[in-house]
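Novice: Dropping in input36.csv, which is CSV, C-alpha atoms:
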chain,number,residue,atom,x,y,z
A,1,MET,CA,30.2,2.6,-1.7
A,2,SER,CA,26.8,3.9,-1.0
A,3,GLU,CA,27.4,6.1,2.0
A,4,HIS,CA,26.1,9.1,0.2
A,5,GLY,CA,22.7,7.5,0.1
A,6,GLU,CA,22.5,6.8,3.8
A,7,LEU,CA,20.2,9.6,4.8
A,8,LEU,CA,17.7,9.1,2.1
A,9,PHE,CA,17.3,5.3,2.1
A,10,ASP,CA,19.2,3.6,4.9
A,11,GLU,CA,17.6,5.3,7.8
A,12,TYR,CA,14.5,3.4,8.7
A,13,GLU,CA,12.4,5.2,11.2
A,14,PRO,CA,12.0,3.5,14.6
A,15,GLU,CA,8.8,5.5,15.1
A,16,SER,CA,7.2,4.2,11.9
A,17,ASP,CA,4.8,1.3,12.0
A,18,LYS,CA,6.3,-1.8,13.4
A,19,VAL,CA,3.8,-3.8,11.6
A,20,LEU,CA,5.0,-2.5,8.2
A,21,LEU,CA,8.6,-3.2,9.2
A,22,SER,CA,7.8,-6.8,9.8
A,23,GLU,CA,6.0,-7.0,6.4
A,24,VAL,CA,8.9,-5.4,4.7
A,25,LEU,CA,11.2,-8.0,6.2
A,26,ASP,CA,8.9,-10.8,5.3
A,27,LYS,CA,8.6,-9.7,1.7
A,28,VAL,CA,12.2,-8.8,1.1
A,29,LEU,CA,13.7,-11.9,2.8
A,30,ASN,CA,11.2,-14.5,1.9
A,31,THR,CA,9.7,-13.6,-1.5
A,32,GLY,CA,10.9,-12.1,-4.7
A,33,VAL,CA,12.8,-13.8,-7.5
A,34,THR,CA,15.8,-15.9,-6.6
A,35,ILE,CA,18.1,-15.9,-9.5
A,36,SER,CA,21.5,-17.4,-9.1
A,37,GLY,CA,24.0,-14.6,-8.7
A,38,ASP,CA,27.5,-15.4,-7.7
A,39,LEU,CA,26.4,-15.2,-4.1
A,40,ILE,CA,22.9,-15.6,-2.9
A,41,LEU,CA,21.7,-16.0,0.6
A,42,GLY,CA,20.6,-19.6,1.2
A,43,VAL,CA,17.3,-20.6,2.7
A,44,ALA,CA,19.0,-21.5,6.0
A,45,ASP,CA,20.2,-18.0,6.3
A,46,VAL,CA,16.7,-16.6,5.6
A,47,ASP,CA,15.2,-18.9,8.2
A,48,LEU,CA,17.7,-17.5,10.7
A,49,LEU,CA,16.8,-13.9,9.8
A,50,TYR,CA,13.1,-14.7,10.1
A,51,CYS,CA,13.5,-16.0,13.6
A,52,GLY,CA,15.3,-12.8,14.4
A,53,VAL,CA,12.4,-10.5,13.5
A,54,ARG,CA,11.3,-10.5,17.1
A,55,ILE,CA,14.7,-9.2,18.1
A,56,VAL,CA,14.3,-6.3,15.6
A,57,LEU,CA,10.9,-5.4,17.0
A,58,THR,CA,12.2,-5.5,20.5
A,59,SER,CA,15.1,-3.3,19.6
A,60,VAL,CA,12.8,-0.8,17.9
A,61,ASP,CA,10.8,-0.6,21.1
A,62,LYS,CA,14.0,0.0,23.0
A,63,MET,CA,15.1,2.7,20.6
A,64,GLN,CA,11.7,4.5,21.0
A,65,GLU,CA,12.1,4.4,24.8
A,66,GLU,CA,15.6,5.8,24.6
A,67,ASN,CA,14.5,8.6,22.3
A,68,LYS,CA,11.8,9.8,24.7
B,1,MET,CA,38.8,-4.4,-1.2
B,2,ALA,CA,36.8,-5.1,-4.3
B,3,ASP,CA,33.2,-4.1,-4.8
B,4,LEU,CA,30.4,-6.5,-5.5
B,5,TYR,CA,27.3,-6.0,-7.6
B,6,TYR,CA,24.1,-6.2,-5.5
B,7,ALA,CA,21.1,-6.6,-7.9
B,8,TYR,CA,17.7,-5.2,-7.0
B,9,GLY,CA,15.5,-6.1,-9.9
B,10,VAL,CA,14.7,-6.0,-13.6
B,11,PHE,CA,12.4,-3.8,-15.6
B,12,GLU,CA,11.6,-3.1,-19.2
B,13,GLY,CA,13.0,-0.2,-21.1
B,14,ILE,CA,14.7,2.9,-19.8
B,15,ARG,CA,13.3,4.4,-16.7
B,16,ASP,CA,14.3,6.8,-13.9
B,17,VAL,CA,15.9,5.1,-10.9
B,18,PRO,CA,16.5,6.9,-7.6
B,19,GLU,CA,19.2,9.4,-8.1
B,20,GLY,CA,22.2,10.3,-5.9
B,21,ILE,CA,22.3,7.1,-3.9
B,22,GLY,CA,24.6,5.0,-5.9
B,23,ILE,CA,21.9,3.0,-7.9
B,24,MET,CA,23.1,2.1,-11.4
B,25,VAL,CA,21.6,0.3,-14.3
B,26,GLU,CA,22.8,-2.0,-17.0
B,27,HIS,CA,20.8,-2.4,-20.2
B,28,GLU,CA,20.6,-5.4,-22.5
B,29,ASN,CA,18.2,-5.2,-25.4
B,30,GLN,CA,14.8,-4.3,-23.9
B,31,LEU,CA,15.7,-5.0,-20.3
B,32,THR,CA,17.3,-3.0,-17.5
B,33,MET,CA,18.8,-4.3,-14.3
B,34,ALA,CA,19.1,-2.0,-11.3
B,35,PHE,CA,22.1,-2.7,-9.1
B,36,GLU,CA,24.5,-1.1,-6.7
B,37,LEU,CA,28.1,-1.5,-5.8
B,38,VAL,CA,28.5,-2.8,-2.3
B,39,SER,CA,31.6,-3.6,-0.4
B,40,GLU,CA,33.0,-7.1,-0.2
B,41,LEU,CA,33.8,-6.3,3.5
B,42,GLU,CA,30.0,-6.2,4.1
B,43,PHE,CA,28.5,-8.6,1.5
B,44,GLY,CA,31.5,-10.9,0.7
B,45,GLU,CA,31.2,-14.5,1.5
B,46,ASP,CA,33.6,-14.2,4.4
B,47,HIS,CA,31.7,-11.4,6.0
B,48,ILE,CA,28.0,-11.7,5.2
B,49,SER,CA,27.3,-14.6,7.6
B,50,GLY,CA,28.4,-12.5,10.5
B,51,ASN,CA,26.4,-9.5,9.4
B,52,LEU,CA,23.3,-11.7,9.0
B,53,GLN,CA,23.4,-12.3,12.8
B,54,ASP,CA,23.2,-8.6,13.3
B,55,MET,CA,19.5,-7.7,13.1
B,56,GLU,CA,20.0,-4.0,12.9
B,57,TRP,CA,22.3,-4.5,9.9
B,58,VAL,CA,19.7,-6.8,8.3
B,59,THR,CA,16.8,-4.4,9.0
B,60,LYS,CA,18.8,-1.5,7.5
B,61,LYS,CA,19.8,-3.4,4.4
B,62,ALA,CA,16.3,-5.0,3.9
B,63,THR,CA,14.6,-1.7,4.3
B,64,ARG,CA,16.9,-0.1,1.7
B,65,HIS,CA,16.3,-3.0,-0.6
B,66,GLN,CA,12.5,-2.4,-0.3
B,67,ARG,CA,12.7,1.4,-0.7
B,68,ILE,CA,14.8,1.2,-3.8
B,69,LEU,CA,12.4,-1.3,-5.4
B,70,GLU,CA,9.5,0.8,-4.2
B,71,ALA,CA,10.9,3.8,-6.0
B,72,ILE,CA,11.4,1.9,-9.2
B,73,ASN,CA,7.9,0.3,-8.9
B,74,GLN,CA,6.3,3.7,-8.9
B,75,SER,CA,6.9,4.2,-12.6
B,76,GLY,CA,6.0,0.7,-13.8
B,77,GLY,CA,6.4,-3.0,-13.3
B,78,VAL,CA,9.6,-4.5,-11.9
B,79,ILE,CA,10.7,-8.0,-11.1
B,80,PRO,CA,11.9,-7.7,-7.5
B,81,PHE,CA,14.9,-9.8,-6.6
B,82,SER,CA,15.1,-11.5,-3.2
B,83,PHE,CA,17.5,-9.9,-0.7
B,84,GLY,CA,21.1,-10.7,-1.3
B,85,THR,CA,21.4,-11.4,-5.0
B,86,ILE,CA,25.0,-10.5,-5.6
B,87,PHE,CA,27.4,-10.8,-8.6
B,88,LYS,CA,31.1,-10.7,-8.3
B,89,THR,CA,31.6,-8.9,-11.7
B,90,ARG,CA,29.7,-6.7,-14.0
B,91,SER,CA,30.0,-9.3,-16.8
B,92,ALA,CA,28.4,-11.9,-14.6
B,93,LEU,CA,25.5,-9.5,-14.0
B,94,LEU,CA,25.1,-8.8,-17.7
B,95,ASP,CA,25.3,-12.5,-18.5
B,96,SER,CA,22.4,-13.1,-16.1
B,97,LEU,CA,20.4,-10.4,-17.8
B,98,ARG,CA,21.2,-11.7,-21.2
B,99,SER,CA,20.6,-15.4,-20.6
B,100,ARG,CA,17.3,-14.9,-18.8
B,101,GLU,CA,15.9,-12.4,-21.3
B,102,ALA,CA,12.9,-14.6,-22.3
B,103,TYR,CA,12.0,-15.4,-18.7
B,104,PHE,CA,12.3,-11.8,-17.6
B,105,LEU,CA,10.2,-10.5,-20.5
B,106,GLN,CA,7.5,-13.1,-19.9
B,107,THR,CA,7.3,-12.3,-16.2
B,108,LEU,CA,7.1,-8.5,-16.9
B,109,SER,CA,4.4,-9.1,-19.5
B,110,PHE,CA,2.4,-11.1,-16.9
B,111,LEU,CA,2.8,-8.3,-14.3
B,112,GLY,CA,1.9,-5.5,-16.7
B,113,ASN,CA,1.2,-2.4,-14.7
B,114,ARG,CA,-0.2,-4.3,-11.8
B,115,LYS,CA,1.0,-3.8,-8.2
B,116,GLU,CA,0.9,-6.1,-5.2
B,117,TRP,CA,-1.3,-5.3,-2.2
B,118,GLY,CA,-1.3,-7.1,1.1
B,119,ILE,CA,-4.7,-7.7,2.7
B,120,LYS,CA,-4.9,-9.2,6.1
B,121,LEU,CA,-7.7,-9.9,8.5
B,122,TYR,CA,-7.1,-9.6,12.2
B,123,TYR,CA,-9.2,-10.1,15.3
B,124,SER,CA,-8.9,-9.4,19.0
B,125,GLN,CA,-10.2,-12.3,21.0
B,126,SER,CA,-10.9,-10.1,24.1
B,127,LEU,CA,-12.6,-7.3,22.2
B,128,LEU,CA,-14.7,-9.6,20.1
B,129,GLN,CA,-15.8,-11.5,23.2
B,130,LYS,CA,-16.8,-8.2,24.8
B,131,TRP,CA,-18.7,-7.2,21.7
B,132,ILE,CA,-20.6,-10.5,21.7
B,133,GLN,CA,-21.5,-10.2,25.3
B,134,ASN,CA,-22.9,-6.7,24.7
B,135,ASN,CA,-24.5,-7.2,21.3
B,136,ASP,CA,-25.4,-10.8,20.6
B,137,PRO,CA,-29.1,-11.0,21.6
B,138,VAL,CA,-28.9,-14.7,22.7
B,139,ILE,CA,-25.8,-14.1,24.9
B,140,VAL,CA,-27.3,-10.8,26.3
B,141,GLN,CA,-30.4,-12.7,27.3
B,142,ARG,CA,-28.5,-15.6,28.8
B,143,LEU,CA,-26.3,-13.1,30.8
B,144,ALA,CA,-29.5,-11.6,32.2
B,145,GLN,CA,-30.7,-15.1,33.2
B,146,LEU,CA,-27.4,-15.7,34.9
B,147,GLU,CA,-28.0,-12.8,37.2
B,148,GLU,CA,-31.2,-14.3,38.4
B,149,ALA,CA,-29.8,-17.8,38.9
B,150,THR,CA,-29.1,-19.4,42.3
B,151,PRO,CA,-25.4,-19.4,43.3
B,152,GLY,CA,-24.9,-23.1,42.5
B,153,LYS,CA,-26.6,-22.9,39.2
B,154,LYS,CA,-24.9,-19.7,38.4
B,155,PHE,CA,-21.5,-21.4,38.4
B,156,ILE,CA,-22.6,-24.0,35.8
B,157,LEU,CA,-24.4,-21.5,33.7
B,158,LYS,CA,-21.4,-19.2,33.6
B,159,LYS,CA,-19.1,-22.0,32.5
B,160,GLN,CA,-21.6,-22.9,29.7
B,161,LEU,CA,-21.9,-19.3,28.7
B,162,GLU,CA,-18.2,-18.8,28.5
B,163,GLY,CA,-18.0,-21.8,26.1
B,164,GLU,CA,-20.8,-20.4,24.0
B,165,VAL,CA,-19.2,-17.0,23.7
B,166,LYS,CA,-16.0,-18.6,22.6
B,167,THR,CA,-17.8,-20.7,20.0
B,168,ARG,CA,-19.7,-17.6,18.7
B,169,CYS,CA,-16.4,-15.7,18.6
B,170,LYS,CA,-14.9,-18.4,16.4
B,171,ASP,CA,-18.0,-18.6,14.2
B,172,ARG,CA,-18.0,-14.8,13.6
B,173,VAL,CA,-14.3,-14.8,12.8
B,174,ASN,CA,-14.8,-17.6,10.3
B,175,GLU,CA,-17.7,-15.7,8.7
B,176,ALA,CA,-15.6,-12.5,8.4
B,177,ARG,CA,-12.8,-14.5,6.9
B,178,LYS,CA,-15.0,-16.2,4.3
B,179,ALA,CA,-16.7,-12.9,3.5
B,180,LEU,CA,-13.4,-11.1,2.9
B,181,HIS,CA,-12.1,-14.0,0.8
B,182,ASP,CA,-15.2,-14.0,-1.3
B,183,ALA,CA,-15.0,-10.2,-1.7
B,184,LEU,CA,-11.4,-10.4,-2.8
B,185,MET,CA,-12.3,-13.2,-5.3
B,186,SER,CA,-15.0,-10.8,-6.7
B,187,LEU,CA,-12.2,-8.4,-7.7
B,188,LYS,CA,-11.2,-11.1,-10.3
B,189,CYS,CA,-7.5,-10.6,-9.8
B,190,GLU,CA,-4.5,-12.8,-9.0
B,191,LEU,CA,-4.7,-13.8,-5.4
B,192,ARG,CA,-2.1,-15.6,-3.2
B,193,MET,CA,-3.0,-17.0,0.2
B,194,ASN,CA,0.0,-16.8,2.6
B,195,GLU,CA,0.5,-18.4,6.0
B,196,ASN,CA,-1.0,-16.3,8.8
B,197,VAL,CA,1.5,-14.2,10.6
B,198,SER,CA,2.1,-14.9,14.2
B,199,SER,CA,1.9,-12.1,16.7
B,200,ASP,CA,5.6,-12.3,17.3
B,201,LEU,CA,6.3,-11.5,13.7
B,202,SER,CA,3.5,-9.1,13.0
B,203,GLY,CA,4.1,-7.0,16.1
B,204,ARG,CA,0.3,-6.9,16.6
B,205,LYS,CA,-1.5,-8.1,19.7
B,206,GLU,CA,-4.4,-9.1,17.5
B,207,THR,CA,-4.5,-12.5,15.8
B,208,ASN,CA,-4.0,-12.7,12.0
B,209,VAL,CA,-6.6,-15.0,10.5
B,210,LEU,CA,-6.3,-14.3,6.8
B,211,ASN,CA,-3.1,-13.2,5.0
B,212,THR,CA,-3.4,-12.6,1.3
B,213,ALA,CA,-1.6,-10.8,-1.5
B,214,ILE,CA,-3.3,-9.7,-4.6
B,215,LEU,CA,-2.1,-8.3,-7.9
B,216,LEU,CA,-4.1,-5.3,-9.0
B,217,GLU,CA,-3.8,-2.3,-11.2
B,218,GLU,CA,-3.0,0.8,-9.2
B,219,GLU,CA,-5.9,2.7,-10.6
B,220,ARG,CA,-8.2,0.1,-8.9
B,221,TRP,CA,-6.9,1.2,-5.5
B,222,ALA,CA,-10.2,2.9,-4.7
B,223,GLU,CA,-12.1,-0.3,-5.4
B,224,LEU,CA,-9.8,-2.2,-3.0
B,225,ASN,CA,-10.1,0.6,-0.4
B,226,GLU,CA,-13.9,0.5,-0.6
B,227,LEU,CA,-13.9,-3.3,-0.3
B,228,ALA,CA,-11.8,-3.1,2.9
B,229,LEU,CA,-14.0,-0.3,4.4
B,230,SER,CA,-17.2,-2.1,3.6
B,231,GLN,CA,-15.9,-5.3,5.2
B,232,ASN,CA,-15.0,-3.5,8.3
B,233,GLN,CA,-18.4,-1.7,8.4
B,234,LYS,CA,-20.4,-4.7,7.4
B,235,TRP,CA,-19.5,-6.7,10.5
B,236,GLY,CA,-19.8,-3.7,12.8
B,237,TYR,CA,-17.5,-5.4,15.3
B,238,GLY,CA,-15.7,-2.1,15.9
B,239,ASP,CA,-12.0,-2.7,16.5
B,240,SER,CA,-12.4,-6.3,17.3
B,241,VAL,CA,-12.3,-7.6,13.7
B,242,PHE,CA,-10.6,-5.5,11.0
B,243,VAL,CA,-9.1,-5.6,7.6
B,244,GLU,CA,-5.6,-4.1,7.0
B,245,VAL,CA,-4.5,-3.2,3.5
B,246,THR,CA,-0.8,-2.4,2.6
B,247,GLY,CA,0.7,-1.4,-0.7
B,248,PRO,CA,1.4,-0.9,-3.5
B,249,TRP,CA,4.3,-3.2,-3.2
B,250,PRO,CA,6.6,-4.5,-5.9
B,251,ALA,CA,5.1,-7.9,-6.9
B,252,TYR,CA,7.2,-10.0,-4.5
B,253,ASN,CA,4.5,-12.7,-4.2
B,254,PHE,CA,3.8,-13.0,-7.9
B,255,VAL,CA,7.1,-13.6,-9.5
B,256,LYS,CA,8.1,-17.2,-9.9
B,257,ASN,CA,11.6,-18.4,-10.0
B,258,GLU,CA,12.8,-19.5,-13.5
Give the structure from the file, written as structure tokens.
Specialist:
Amino acid sequence: MSEHGELLFDEYEPESDKVLLSEVLDKVLNTGVTISGDLILGVADVDLLYCGVRIVLTSVDKMQEENK
Amino acid sequence: MADLYYAYGVFEGIRDVPEGIGIMVEHENQLTMAFELVSELEFGEDHISGNLQDMEWVTKKATRHQRILEAINQSGGVIPFSFGTIFKTRSALLDSLRSREAYFLQTLSFLGNRKEWGIKLYYSQSLLQKWIQNNDPVIVQRLAQLEEATPGKKFILKKQLEGEVKTRCKDRVNEARKALHDALMSLKCELRMNENVSSDLSGRKETNVLNTAILLEEERWAELNELALSQNQKWGYGDSVFVEVTGPWPAYNFVKNE
């Protein structure tokens, strides 16, 4: 549905601050109001995501190397 | 395949939302909810578990979530929803907005025009130890004595000195942490203490020893900036102990669940 927004908002920049990226993930995945929609990610899912942050950071490094 | 309604957050009144990227709003009395239609193939119950294992997908979607809320947050307070708040129908979304009106209004009134800022204190063990060896008068003196000691005594003195440097390192970090905490308290604003972030998660090689979020009016940014700069300068430890400020963020840490 939102493909027309890809360039402006979906493209995170691998060169941007890794630190900020981890903070974004922390805030978006672990804080904010949880209201009951029809579908909401459970805590177990978020824990899984959180463990995976390291993988994201590693892949960012990899992408930077590939871009050189 | 049907679309789902991915909700980003709620704000008061009518306000500009990012244009041209599929963000829509639904109004109910004084409140507005920003949402987007997303594909059930991506966010539906049968598909999302698989996507959650794909960290590139998660990063992309979480970054979009933040950037949309960030854009809304620029023009006033917003209640940020957690990642993945999804309704199956527009009427379910509207029902949620309607049934929680009092709670949303109360939360927005509490936030006012304040924004969240992240303030963290980091230190580098190796750099701080070097700084202490070069600048702490007691340690400098004991290092000089070490040079003059006999080989046998030198070994023992060196071990003692290493322990002393580590202790002083710990003391100075504790002093810096207390000073920063006290300085933040002096701002007289809402303050949240969060768990320190491990290096794996922060992506920094330095150690996080204080992790806070504060809620502060955006026009007081200069005050916060000054506070961070003065803390960094006050200790004079160069890059070994430093304060990091990020923001303004939507008030993720200051919205309580109903």
Novice: Distance atom CA of Lys130 of chain B-atom CA of Ala228 of chain B, one decimal place?
Specialist: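 About the pair atom CA of Lys130 of chain B and atom CA of Ala228 of chain B: they are 23.0 Å apart.
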Novice: Using only C-alpha atoms, determine which residues of chain B fall within 8 Å of chain A; present them as a PyMOL selection string.
Specialist: chain B and resi 3+20-22+36-39+45+49+52-53+55-56+58-68+79-88+92-93+96+200-204+251-258
Novice: Rounded to one decimal place, report the atom CA of Glu42 of chain B-atom CA of Ala7 of chain B distance in Å.
Specialist: 14.9 Å
Novice: State, in Å with one decimal place, the distance from atom CA of Lys166 of chain B to atom CA of Gln141 of chain B.
Specialist: 16.3 Å
Novice: For Leu157 of chain B, which residue among B:Leu31, B:Val245, B:Ala222, B:Ile139 is the nearest when counting all atoms listed in the file?
Specialist: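 Comparing B:Leu31, B:Val245, B:Ala222, B:Ile139 against Leu157 of chain B, the winner is B:Ile139.
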Novice: List the neighbours of Lys120 of chain B out to 9 Å using all atoms listed in the file; skip same-chain residues closer than 2 positions along the sequence, and give me the result as a ChimeraX atom specification.
Specialist: /B:118,122,196,208-213,242-246
